[in-house]
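Novice: The structure is given below, and queries will be raised subsequently.
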Amino acid sequence: MAEKLIAHGIHHTHWDPYWWFTSQESMVVFAYNMREMLRAFRDGKIQDFFFDGQTVAIDEYLQLHPEDTEEVRGLVSSGKLVIGPFVSQLDTYMSSAESVVNNLRLGIKNAKKLGKASRIAYLADPFGAASDMPKIYNQFSIKEFVFTRGVGDVYGLGNEFYFKSNDGSVVLCNVLLSGYGYGAHAFRDGKLFTNEAEDYNKIDVSRLIDRLVERSTIKNEFVFPLGFDQNPVMLDIPEKIKHYNSIQDRIEFKYTTWAEYFEHVRKNGKGLKTHVGEILSPQYHRLHMNGMHSARSDIKTLIDRVERRAIYEVQPMMALLDAVGIPYDQGIIDETWYKLVNCQTHGSATHGDVTNKAIKDMASISYNIMRGTRDYLCRLLSFSVDDSQLPGMALVVINSLPWKREMVQRLSIVTRGPGFTLELEGNTLPYTVLEQVKHYWGVVRKNPADMNEDVWFYRTEILCNLGEFDGISYKTLSVVEQGDVVPEAAPSQNKHTIENKYLSVTCDADGITITDKQTGQSVQRALFFQDGGDEGDSYDYDYPAPEDEWLVTREISAADFKSSIQTGLHAEMRFEGEMSIPSNLEQRKQHVADHTLPFWVVLSLDDSGILRVRGEVVNGSVDHRLRIGLRTGKRIESFHAGAQYSLIERPCMREEMAIWKEKNYFEEPSATGPLLNHVSTQDDKGVLTVFTRSLKEYEFVGDGFGDLMLTVLRAMGYVGLPDRHRRPGRPSGMPERLLPAPTHQMQGTVEFDFGIGFSAKLDGNKLFREYAIFAVDPIYSQKQKIDPTFFLISYFPINPWNPPLPASYTFGSIEPSVSFGTLIKSDGGEGYVLRLFNAEAEPVKAGTLSLGSGLRVTAKTDLMEETHTPQDKLAEQFQAGELLNLVISQKKG
């Protein structure tokens, strides 16, 4: 008689807070499900329940029913109801490092308030596993990881394996290769071991069990999840197990928990392999890597803006001001991140129109909180510094990054007259006027002739080299009015060239040429638009059949030249034009370009080696994909992209792309990649890097993979469609029906904003430092009551801080050797946490850390601040891939 198989049943649900349904509808269902669960626990009908590795639904339920808090706390404390460690299930390829960190920090924080947080990372449905996740997990005391999508035969892994980051961090994984609920419906409905036992892909459950048994590291044993999407509790699991064990003798069902199962694997697993690198195969599950990261690019851009403002501006600024006396507001930070991570649940804005509107609204709330915090604190600082010795109005400027750097800043100055000087530390600073506008600030009347009050002021946009600032510091300048002396604005010019000490940019009839003066790299016919058909849905781009496709390419060249400005501090070149494209797929099939797509593009150079490229298009066509291309001039087979805390090398053409049809993959593997922060291509001439402030998807195409394509927009009209070229079979999302989503057609204005940089060699830490500098905007405020609309909250009266704050202060500077994560105030502890990391897979020298008055290094900690190792200085060396959380405290006495 053959040895029985052991099926380890784990009671759970997978809870989507929204999808094609709204979060409010999901909340209502969960409220009833939760009350049913509580009754089942009271009645002894269930013994435990694993709640999907997240907390958000529990948080919402207890807001509705605070009277149940103690009962829930008892269940969580006893381990019967398992919640966390995440707030919500995130997409690891679209969430910045701090988004992942705060998703886990707040999930564990909220779960601990209810008694206990699970330390099993559980991501049932997100799309693949990013390479830095073990590094992040280990710093939250997480040693096990359960996920579904991304493992294929190409990796040669079993159901259980070790997943390792470049710093040596390791988690023990179980991959749900047959899905997180492949047999749950058949089990619940009494149909297991019948011809009707199928999963949601219509695959026979017995085949899925065979798949797991074949790859098990514990002979003849596998996980049988007892739950699926939005499932309530099962009230008769013991009876069902007894029934199925009695009607057949091939499989013995046993009830267990994830914690017990991992303990079983550690004791009895055989031949577990170790995987290093990302996990991205669509062999057994769809990953949606070709298109999901550009669906609703407007929402992606907004989320990116919130992340950058929180990570590199507000958190460091708030810590800096806390050190001089203005308290850090943890509640504001937590509220921002809580709302933002609930916009980043797996699916990345692939949802229906109503849900996407709610996501965009929530992301906008996070952005407004960060903008309001930055503006208020800047304004408070400008009104609170000791300006008794200043000859004019105080103007406070902040460097929120930890490196000493020359601050060439774009500033908006408010004065009653047109003339003014800027003074700093006794010196008058030269500046360049970009624009000056005279504003009326009397009572607005219907008849302009009645607006005759003598209340005018000037708002002047300038560029000024403020000199070198220490890392994470501020200085106070003085704006001294000079009456009617009118400053001369930088004149527009008609020259087709701009430059700074690093780069030169020219344009002619053939296109734009970008030349790096340091390495000699030169890119000809650099920028162009390309538009093609898109037969996909919100999850995936899908190419039309070859006979139906028509790619339209539009060079950006001297024909589109509008104007240019060249000064010693700033240069820019503006292009405006139109692109003729088909209005729909039928017109494309006929090669008819019956629609006009207007665009503008501005190339700008400041004090860095990065050429900023920003612009807008106005879309009125449907069912197409618009990309902006960069001809790199390189011939490559692989490239490097930024992950959360490291670089990852990716092939231009994945090996699985040649075999996916033969092997019956769930979808075509994708050469399109997620653009989290930056992507680099290199050859023997040097490195070219694109840094993003908006677009989130790229692909290397063309001869030698020399063209780097960035997706500006995908216009399509459904959440899910069946039988695509790239993705055969059922619709993604809801298999039983088509869900129209017209706002996915992206009608109207779509913006883009990215940078192009060059270097002699690939240095991950240098790239992350350059990205941080590119990511921030000027942080400053002028002490003035002339224009009460300068900030949206300038109208609010404000009390200066008492006692007055110093006119300048330095928190701390570090020599530029490693990368900057962020600076925060300790959550619940004393002092501050400076997050630094080595993006390279080899040790690097740390450089010197110089702290401001009254500050000292006291320890290093983890991402949750649960362990502290005493340390009085920065170590001389960062280990390979090291992620360091350095505790900085204020000296006592």
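Letters for chains follow the order of the structure tokens (A, B, ...), residue numbers begin at 1 for each chain, and ligand numbers begin at 1 in the order shown.
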Env of A:Gln518: 10 Å cut, atoms = only C-alpha atoms, seq-sep filter 4 positions within chain, self excluded. Answer as a PyMOL selection string.
Specialist: chain A and resi 501-503+609+758-760
Novice: Need to verify the contact set: stretch 773-790 of chain A, 7 Å, only C-alpha atoms, exclusion of same-chain residues closer than 2 positions in sequence. Can you return it as number ranges by chain?
Specialist: A: 308, 312-313, 378-379, 382-383, 393-398, 409-410, 693, 769-771, 792, 794-795
Novice: Could you tell me, as a ChimeraX atom specification, which residues of stretch 133-299 of chain A DSSP assigns to strand (DSSP E or B) when given the backbone?
Specialist: /A:144-147,150,160-164,170-175,198,204,221-226,229,251-255,274-276,279,281,291
Novice: Take the residues just selected and output them with C-alpha atoms as a PDB file, in the first residue's frame.
Specialist:
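And here's selection-v1.pdb as it stands now:
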ATOM      1  CA  GLU A 144       9.592  33.135   7.438  1.00  0.00           C
ATOM      2  CA  PHE A 145       7.916  34.245   4.236  1.00  0.00           C
ATOM      3  CA  VAL A 146       4.840  32.848   2.453  1.00  0.00           C
ATOM      4  CA  PHE A 147       3.969  34.000  -1.059  1.00  0.00           C
ATOM      5  CA  GLY A 150       6.908  34.320  -9.091  1.00  0.00           C
ATOM      6  CA  GLU A 160      10.272  25.383   0.659  1.00  0.00           C
ATOM      7  CA  PHE A 161      13.577  27.183   0.181  1.00  0.00           C
ATOM      8  CA  TYR A 162      15.767  29.884   1.634  1.00  0.00           C
ATOM      9  CA  PHE A 163      15.599  33.385   0.136  1.00  0.00           C
ATOM     10  CA  LYS A 164      18.735  35.474   0.641  1.00  0.00           C
ATOM     11  CA  VAL A 170      17.765  34.916   4.954  1.00  0.00           C
ATOM     12  CA  VAL A 171      14.132  33.929   5.278  1.00  0.00           C
ATOM     13  CA  LEU A 172      12.661  30.444   5.044  1.00  0.00           C
ATOM     14  CA  CYS A 173      10.004  30.487   2.333  1.00  0.00           C
ATOM     15  CA  ASN A 174       6.967  28.457   1.455  1.00  0.00           C
ATOM     16  CA  VAL A 175       5.717  29.175  -2.039  1.00  0.00           C
ATOM     17  CA  GLU A 198     -11.306  22.511  -9.649  1.00  0.00           C
ATOM     18  CA  ASP A 204      -8.215  19.797 -11.395  1.00  0.00           C
ATOM     19  CA  GLU A 221       3.591  16.475   2.564  1.00  0.00           C
ATOM     20  CA  PHE A 222       2.123  19.766   1.353  1.00  0.00           C
ATOM     21  CA  VAL A 223       0.052  22.761   2.434  1.00  0.00           C
ATOM     22  CA  PHE A 224      -3.687  22.713   1.752  1.00  0.00           C
ATOM     23  CA  PRO A 225      -4.984  26.272   2.401  1.00  0.00           C
ATOM     24  CA  LEU A 226      -8.496  26.386   3.851  1.00  0.00           C
ATOM     25  CA  ASP A 229     -10.580  35.498  -1.709  1.00  0.00           C
ATOM     26  CA  ILE A 251      -4.443  11.769   1.526  1.00  0.00           C
ATOM     27  CA  GLU A 252      -4.597  12.333   5.257  1.00  0.00           C
ATOM     28  CA  PHE A 253      -5.729  15.815   6.202  1.00  0.00           C
ATOM     29  CA  LYS A 254      -4.224  17.375   9.306  1.00  0.00           C
ATOM     30  CA  TYR A 255      -5.025  20.742  10.778  1.00  0.00           C
ATOM     31  CA  THR A 274      18.970  28.941  -1.339  1.00  0.00           C
ATOM     32  CA  HIS A 275      17.891  31.569  -3.854  1.00  0.00           C
ATOM     33  CA  VAL A 276      19.634  34.940  -4.242  1.00  0.00           C
ATOM     34  CA  ILE A 279      11.742  36.019  -8.106  1.00  0.00           C
ATOM     35  CA  SER A 281       8.604  33.846 -13.272  1.00  0.00           C
ATOM     36  CA  GLY A 291       1.641  46.935 -18.176  1.00  0.00           C
TER      37      GLY A 291
END
Novice: Compile the contact shell of A:Phe49 as an mmCIF file with N, CA and C atoms, in the first residue's frame: residues with an atom at most 10 Å away, counting only C-alpha atoms, same-chain residues fewer than 6 positions apart removed.
Specialist:
data_model
loop_
_atom_site.group_PDB
_atom_site.id
_atom_site.type_symbol
_atom_site.label_atom_id
_atom_site.label_comp_id
_atom_site.auth_asym_id
_atom_site.auth_seq_id
_atom_site.Cartn_x
_atom_site.Cartn_y
_atom_site.Cartn_z
ATOM 1 N N ILE A 10 -4.568 24.865 6.646
ATOM 2 C CA ILE A 10 -4.388 26.117 7.390
ATOM 3 C C ILE A 10 -5.585 27.008 7.106
ATOM 4 N N HIS A 11 -6.291 27.387 8.162
ATOM 5 C CA HIS A 11 -7.523 28.162 8.060
ATOM 6 C C HIS A 11 -7.185 29.643 7.860
ATOM 7 N N HIS A 12 -7.687 30.233 6.776
ATOM 8 C CA HIS A 12 -7.321 31.624 6.469
ATOM 9 C C HIS A 12 -8.358 32.240 5.542
ATOM 10 N N THR A 13 -8.152 33.511 5.259
ATOM 11 C CA THR A 13 -8.833 34.185 4.158
ATOM 12 C C THR A 13 -7.814 35.051 3.450
ATOM 13 N N MET A 37 -17.135 35.419 12.874
ATOM 14 C CA MET A 37 -15.911 34.806 13.386
ATOM 15 C C MET A 37 -15.880 34.852 14.915
ATOM 16 N N PHE A 41 -15.648 31.654 17.444
ATOM 17 C CA PHE A 41 -14.654 31.443 18.499
ATOM 18 C C PHE A 41 -15.356 31.181 19.835
ATOM 19 N N LEU A 75 -8.226 37.317 21.620
ATOM 20 C CA LEU A 75 -7.960 36.329 20.581
ATOM 21 C C LEU A 75 -6.584 36.518 19.961
ATOM 22 N N VAL A 76 -6.205 37.776 19.735
ATOM 23 C CA VAL A 76 -4.897 38.051 19.146
ATOM 24 C C VAL A 76 -3.786 37.698 20.135
ATOM 25 N N GLY A 79 -2.976 34.091 20.318
ATOM 26 C CA GLY A 79 -2.519 33.464 19.083
ATOM 27 C C GLY A 79 -3.622 32.784 18.299
ATOM 28 N N LYS A 80 -4.862 32.923 18.717
ATOM 29 C CA LYS A 80 -5.964 32.294 17.985
ATOM 30 C C LYS A 80 -6.303 33.069 16.712
ATOM 31 N N LEU A 81 -6.273 34.389 16.805
ATOM 32 C CA LEU A 81 -6.469 35.242 15.639
ATOM 33 C C LEU A 81 -5.115 35.844 15.292
ATOM 34 N N VAL A 82 -4.574 35.463 14.133
ATOM 35 C CA VAL A 82 -3.213 35.858 13.754
ATOM 36 C C VAL A 82 -3.295 37.014 12.768
ATOM 37 N N ILE A 83 -2.740 38.176 13.153
ATOM 38 C CA ILE A 83 -2.800 39.373 12.305
ATOM 39 C C ILE A 83 -1.399 39.960 12.127
ATOM 40 N N LEU A 226 -7.041 26.452 3.634
ATOM 41 C CA LEU A 226 -8.496 26.386 3.851
ATOM 42 C C LEU A 226 -9.062 27.804 3.863
ATOM 43 N N GLY A 227 -9.149 28.383 2.677
ATOM 44 C CA GLY A 227 -9.651 29.739 2.529
ATOM 45 C C GLY A 227 -9.289 30.272 1.168
ATOM 46 N N VAL A 233 -15.124 32.589 7.645
ATOM 47 C CA VAL A 233 -14.575 31.415 8.324
ATOM 48 C C VAL A 233 -15.327 30.157 7.885
ATOM 49 N N MET A 234 -14.618 29.027 7.928
ATOM 50 C CA MET A 234 -15.263 27.722 7.748
ATOM 51 C C MET A 234 -15.647 27.195 9.134
ATOM 52 N N THR A 257 -1.089 25.220 11.741
ATOM 53 C CA THR A 257 -0.932 26.668 11.567
ATOM 54 C C THR A 257 0.363 26.920 10.808
#
Novice: What does the structure give for the distance between atom CA of A:Ile46 and atom CA of A:Lys240, in Å to one decimal?
Specialist: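 So the two atoms, atom CA of A:Ile46 and atom CA of A:Lys240, lie 12.5 Å apart.
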Novice: List as a list in words the protein and nucleic acid residues near A:Ser504, meaning an atom at most 7 Å away when only C-alpha atoms are counted, but skip any in the same chain fewer than 4 places from it.
Specialist: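 The residues satisfying every condition are Ile498, Glu499, Asn500, Ile514, Thr515 and Asp516 of chain A.
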Novice: Measure the distance from atom CA of A:Pro546 to atom CA of A:Arg627 in Å and round it to one decimal.
Specialist: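 According to the coordinates, atom CA of A:Pro546 and atom CA of A:Arg627 are separated by 18.7 Å.
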Novice: Have a look at A:Ser538, A:Asn427, A:Thr822, A:Ser564 and name the one nearest to A:Gln493; count only C-alpha atoms.
Specialist: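 Ranked by minimum distance to A:Gln493, first place goes to A:Ser564.
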Novice: Considering only C-alpha atoms, return as a list of chain:residue names whatever protein or nucleic-acid residues lie within 12 Å of stretch 64-67 of chain A, sequence-local ones (same chain, fewer than 4 positions apart) excluded.
Specialist: A:Gln24, A:Met27, A:Val28, A:Phe30, A:Ala31, A:Tyr32, A:Met34, A:Arg35, A:Ala57, A:Ile58, A:Asp59, A:Glu60, A:Glu71, A:Val72, A:Arg73
Novice: Could you list, as number ranges by chain, every residue within 7 Å of A:Gly467, counting only C-alpha atoms and ignoring same-chain residues fewer than 2 positions away?
Specialist: A: 406-407, 465, 469
Novice: Identify, on the basis of only C-alpha atoms, every residue whose closest approach to A:Glu555 does not exceed 7 Å; exclude the query and any residue fewer than 5 positions from it along the same chain; express the result as number ranges by chain.
Specialist: A: 511, 527-529
Novice: Restrict the selected residues to C-alpha atoms and save them as a compact mmCIF listing (two decimals), in the first residue's frame.
Specialist:
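Ended up saving to again.txt:
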# COMPACT_ATOMS: atom_id res chain seq x y z
CA GLY A 511 17.10 65.57 -33.16
CA LEU A 527 14.64 61.64 -27.45
CA PHE A 528 11.58 60.56 -29.36
CA PHE A 529 7.97 59.53 -28.81
Novice: Calculate how many Å separate atom CA of A:Pro806 from atom CA of A:Leu823, rounding to one decimal.
Specialist: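 Atom-to-atom, atom CA of A:Pro806 and atom CA of A:Leu823 are spaced 20.8 Å apart.
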Novice: Select from stretch 349-455 of chain A everything DSSP, run on the backbone, classes as alpha helix (DSSP H), then give the selection as a PDB file with N, CA, C and O atoms, in the first residue's frame.
Specialist:
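As a result, result01.pdb now contains:
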ATOM      1  N   ASP A 353     -13.002  52.019 -12.027  1.00  0.00           N
ATOM      2  CA  ASP A 353     -12.915  53.476 -11.983  1.00  0.00           C
ATOM      3  C   ASP A 353     -13.237  54.048 -10.611  1.00  0.00           C
ATOM      4  O   ASP A 353     -12.543  54.952 -10.124  1.00  0.00           O
ATOM      5  N   VAL A 354     -14.287  53.560  -9.973  1.00  0.00           N
ATOM      6  CA  VAL A 354     -14.671  54.104  -8.667  1.00  0.00           C
ATOM      7  C   VAL A 354     -13.573  53.834  -7.646  1.00  0.00           C
ATOM      8  O   VAL A 354     -13.204  54.710  -6.843  1.00  0.00           O
ATOM      9  N   THR A 355     -13.011  52.632  -7.688  1.00  0.00           N
ATOM     10  CA  THR A 355     -11.950  52.282  -6.754  1.00  0.00           C
ATOM     11  C   THR A 355     -10.693  53.092  -7.030  1.00  0.00           C
ATOM     12  O   THR A 355     -10.049  53.590  -6.096  1.00  0.00           O
ATOM     13  N   ASN A 356     -10.325  53.243  -8.285  1.00  0.00           N
ATOM     14  CA  ASN A 356      -9.142  54.037  -8.604  1.00  0.00           C
ATOM     15  C   ASN A 356      -9.306  55.491  -8.171  1.00  0.00           C
ATOM     16  O   ASN A 356      -8.335  56.133  -7.749  1.00  0.00           O
ATOM     17  N   LYS A 357     -10.513  56.023  -8.292  1.00  0.00           N
ATOM     18  CA  LYS A 357     -10.742  57.392  -7.820  1.00  0.00           C
ATOM     19  C   LYS A 357     -10.498  57.474  -6.317  1.00  0.00           C
ATOM     20  O   LYS A 357      -9.882  58.429  -5.816  1.00  0.00           O
ATOM     21  N   ALA A 358     -10.960  56.456  -5.582  1.00  0.00           N
ATOM     22  CA  ALA A 358     -10.753  56.449  -4.134  1.00  0.00           C
ATOM     23  C   ALA A 358      -9.266  56.349  -3.792  1.00  0.00           C
ATOM     24  O   ALA A 358      -8.777  56.995  -2.862  1.00  0.00           O
ATOM     25  N   ILE A 359      -8.521  55.523  -4.563  1.00  0.00           N
ATOM     26  CA  ILE A 359      -7.079  55.398  -4.339  1.00  0.00           C
ATOM     27  C   ILE A 359      -6.390  56.736  -4.602  1.00  0.00           C
ATOM     28  O   ILE A 359      -5.553  57.188  -3.811  1.00  0.00           O
ATOM     29  N   LYS A 360      -6.746  57.374  -5.707  1.00  0.00           N
ATOM     30  CA  LYS A 360      -6.123  58.660  -6.025  1.00  0.00           C
ATOM     31  C   LYS A 360      -6.477  59.711  -4.974  1.00  0.00           C
ATOM     32  O   LYS A 360      -5.626  60.518  -4.577  1.00  0.00           O
ATOM     33  N   ASP A 361      -7.720  59.699  -4.510  1.00  0.00           N
ATOM     34  CA  ASP A 361      -8.117  60.641  -3.461  1.00  0.00           C
ATOM     35  C   ASP A 361      -7.320  60.403  -2.177  1.00  0.00           C
ATOM     36  O   ASP A 361      -6.887  61.353  -1.514  1.00  0.00           O
ATOM     37  N   MET A 362      -7.116  59.112  -1.820  1.00  0.00           N
ATOM     38  CA  MET A 362      -6.371  58.815  -0.600  1.00  0.00           C
ATOM     39  C   MET A 362      -4.900  59.207  -0.748  1.00  0.00           C
ATOM     40  O   MET A 362      -4.297  59.745   0.182  1.00  0.00           O
ATOM     41  N   ALA A 363      -4.325  58.954  -1.922  1.00  0.00           N
ATOM     42  CA  ALA A 363      -2.950  59.382  -2.168  1.00  0.00           C
ATOM     43  C   ALA A 363      -2.845  60.901  -2.129  1.00  0.00           C
ATOM     44  O   ALA A 363      -1.853  61.461  -1.638  1.00  0.00           O
ATOM     45  N   SER A 364      -3.867  61.575  -2.630  1.00  0.00           N
ATOM     46  CA  SER A 364      -3.885  63.039  -2.580  1.00  0.00           C
ATOM     47  C   SER A 364      -3.937  63.540  -1.144  1.00  0.00           C
ATOM     48  O   SER A 364      -3.299  64.544  -0.804  1.00  0.00           O
ATOM     49  N   ILE A 365      -4.685  62.852  -0.299  1.00  0.00           N
ATOM     50  CA  ILE A 365      -4.722  63.222   1.116  1.00  0.00           C
ATOM     51  C   ILE A 365      -3.325  63.091   1.727  1.00  0.00           C
ATOM     52  O   ILE A 365      -2.854  63.983   2.450  1.00  0.00           O
ATOM     53  N   SER A 366      -2.633  61.983   1.435  1.00  0.00           N
ATOM     54  CA  SER A 366      -1.269  61.817   1.933  1.00  0.00           C
ATOM     55  C   SER A 366      -0.372  62.936   1.437  1.00  0.00           C
ATOM     56  O   SER A 366       0.443  63.484   2.194  1.00  0.00           O
ATOM     57  N   TYR A 367      -0.516  63.276   0.159  1.00  0.00           N
ATOM     58  CA  TYR A 367       0.300  64.355  -0.396  1.00  0.00           C
ATOM     59  C   TYR A 367      -0.017  65.678   0.291  1.00  0.00           C
ATOM     60  O   TYR A 367       0.888  66.460   0.638  1.00  0.00           O
ATOM     61  N   ASN A 368      -1.300  65.961   0.496  1.00  0.00           N
ATOM     62  CA  ASN A 368      -1.684  67.220   1.140  1.00  0.00           C
ATOM     63  C   ASN A 368      -1.150  67.305   2.565  1.00  0.00           C
ATOM     64  O   ASN A 368      -0.753  68.380   3.028  1.00  0.00           O
ATOM     65  N   ILE A 369      -1.138  66.179   3.275  1.00  0.00           N
ATOM     66  CA  ILE A 369      -0.579  66.175   4.630  1.00  0.00           C
ATOM     67  C   ILE A 369       0.906  66.518   4.582  1.00  0.00           C
ATOM     68  O   ILE A 369       1.408  67.336   5.365  1.00  0.00           O
ATOM     69  N   MET A 370       1.632  65.893   3.660  1.00  0.00           N
ATOM     70  CA  MET A 370       3.065  66.154   3.557  1.00  0.00           C
ATOM     71  C   MET A 370       3.343  67.583   3.089  1.00  0.00           C
ATOM     72  O   MET A 370       4.253  68.249   3.595  1.00  0.00           O
ATOM     73  N   ARG A 371       2.575  68.062   2.124  1.00  0.00           N
ATOM     74  CA  ARG A 371       2.771  69.436   1.662  1.00  0.00           C
ATOM     75  C   ARG A 371       2.463  70.423   2.783  1.00  0.00           C
ATOM     76  O   ARG A 371       3.225  71.369   3.036  1.00  0.00           O
ATOM     77  N   GLY A 372       1.352  70.194   3.487  1.00  0.00           N
ATOM     78  CA  GLY A 372       0.997  71.081   4.584  1.00  0.00           C
ATOM     79  C   GLY A 372       2.028  71.061   5.697  1.00  0.00           C
ATOM     80  O   GLY A 372       2.360  72.107   6.280  1.00  0.00           O
ATOM     81  N   THR A 373       2.556  69.872   6.004  1.00  0.00           N
ATOM     82  CA  THR A 373       3.570  69.767   7.051  1.00  0.00           C
ATOM     83  C   THR A 373       4.838  70.503   6.646  1.00  0.00           C
ATOM     84  O   THR A 373       5.421  71.257   7.443  1.00  0.00           O
ATOM     85  N   ARG A 374       5.278  70.271   5.427  1.00  0.00           N
ATOM     86  CA  ARG A 374       6.492  70.945   4.967  1.00  0.00           C
ATOM     87  C   ARG A 374       6.306  72.458   4.974  1.00  0.00           C
ATOM     88  O   ARG A 374       7.156  73.207   5.479  1.00  0.00           O
ATOM     89  N   ASP A 375       5.198  72.924   4.430  1.00  0.00           N
ATOM     90  CA  ASP A 375       4.968  74.373   4.344  1.00  0.00           C
ATOM     91  C   ASP A 375       4.838  74.995   5.734  1.00  0.00           C
ATOM     92  O   ASP A 375       5.410  76.065   6.001  1.00  0.00           O
ATOM     93  N   TYR A 376       4.095  74.343   6.624  1.00  0.00           N
ATOM     94  CA  TYR A 376       3.904  74.916   7.954  1.00  0.00           C
ATOM     95  C   TYR A 376       5.217  74.986   8.723  1.00  0.00           C
ATOM     96  O   TYR A 376       5.542  76.011   9.341  1.00  0.00           O
ATOM     97  N   LEU A 377       5.981  73.901   8.708  1.00  0.00           N
ATOM     98  CA  LEU A 377       7.224  73.891   9.472  1.00  0.00           C
ATOM     99  C   LEU A 377       8.240  74.871   8.895  1.00  0.00           C
ATOM    100  O   LEU A 377       8.978  75.530   9.652  1.00  0.00           O
ATOM    101  N   CYS A 378       8.311  74.993   7.578  1.00  0.00           N
ATOM    102  CA  CYS A 378       9.188  75.995   6.982  1.00  0.00           C
ATOM    103  C   CYS A 378       8.772  77.396   7.416  1.00  0.00           C
ATOM    104  O   CYS A 378       9.612  78.238   7.782  1.00  0.00           O
ATOM    105  N   ARG A 379       7.484  77.639   7.360  1.00  0.00           N
ATOM    106  CA  ARG A 379       6.974  78.966   7.738  1.00  0.00           C
ATOM    107  C   ARG A 379       7.223  79.235   9.224  1.00  0.00           C
ATOM    108  O   ARG A 379       7.658  80.328   9.605  1.00  0.00           O
ATOM    109  N   LEU A 380       6.944  78.233  10.074  1.00  0.00           N
ATOM    110  CA  LEU A 380       7.175  78.395  11.509  1.00  0.00           C
ATOM    111  C   LEU A 380       8.650  78.689  11.785  1.00  0.00           C
ATOM    112  O   LEU A 380       8.988  79.547  12.609  1.00  0.00           O
ATOM    113  N   LEU A 381       9.535  77.988  11.096  1.00  0.00           N
ATOM    114  CA  LEU A 381      10.966  78.205  11.297  1.00  0.00           C
ATOM    115  C   LEU A 381      11.357  79.624  10.894  1.00  0.00           C
ATOM    116  O   LEU A 381      12.118  80.298  11.613  1.00  0.00           O
ATOM    117  N   SER A 382      10.832  80.106   9.767  1.00  0.00           N
ATOM    118  CA  SER A 382      11.200  81.446   9.311  1.00  0.00           C
ATOM    119  C   SER A 382      10.701  82.533  10.268  1.00  0.00           C
ATOM    120  O   SER A 382      11.330  83.590  10.388  1.00  0.00           O
ATOM    121  N   PHE A 383       9.591  82.274  10.951  1.00  0.00           N
ATOM    122  CA  PHE A 383       9.059  83.237  11.918  1.00  0.00           C
ATOM    123  C   PHE A 383       9.705  83.082  13.294  1.00  0.00           C
ATOM    124  O   PHE A 383       9.487  83.910  14.173  1.00  0.00           O
ATOM    125  N   SER A 384      10.493  82.009  13.489  1.00  0.00           N
ATOM    126  CA  SER A 384      10.999  81.706  14.830  1.00  0.00           C
ATOM    127  C   SER A 384      12.499  81.884  14.989  1.00  0.00           C
ATOM    128  O   SER A 384      13.004  81.895  16.113  1.00  0.00           O
TER     129      SER A 384
END
Novice: With distances taken over only C-alpha atoms, which of A:Pro816, A:Gly483, A:Gly158, A:Gly831 is nearest to A:Lys766?
Specialist: A:Pro816
Novice: Go through A:Trp600, A:Tyr431, A:Trp441, A:Tyr698 one by one, measure the shortest atom-to-atom distance of each to A:Leu569 using only C-alpha atoms, and give the residue with the smallest value.
Specialist: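 So, comparing all the options, the nearest one is A:Tyr431.
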Novice: Identify which of the residues A:Leu302, A:Gly847, A:Trp550, A:Ala349 lies closest to A:Glu876, counting only C-alpha atoms when measuring atom-to-atom distances.
Specialist: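 Once distances to A:Glu876 are computed over only C-alpha atoms, the minimum belongs to A:Gly847.
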Novice: Of the candidates A:Glu278, A:Asp43, A:Glu239, A:Asp210, which one gets nearest to A:Ala643 if we count only C-alpha atoms?
Specialist: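 With only C-alpha atoms as the atom set, the closest residue is A:Glu278.
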Novice: Tell me which of A:Gly577, A:Gly325, A:Gly179, A:Gly107 sits closest to A:Pro804, counting only C-alpha atoms.
Specialist: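 For A:Pro804, the nearest of the given residues is A:Gly325.
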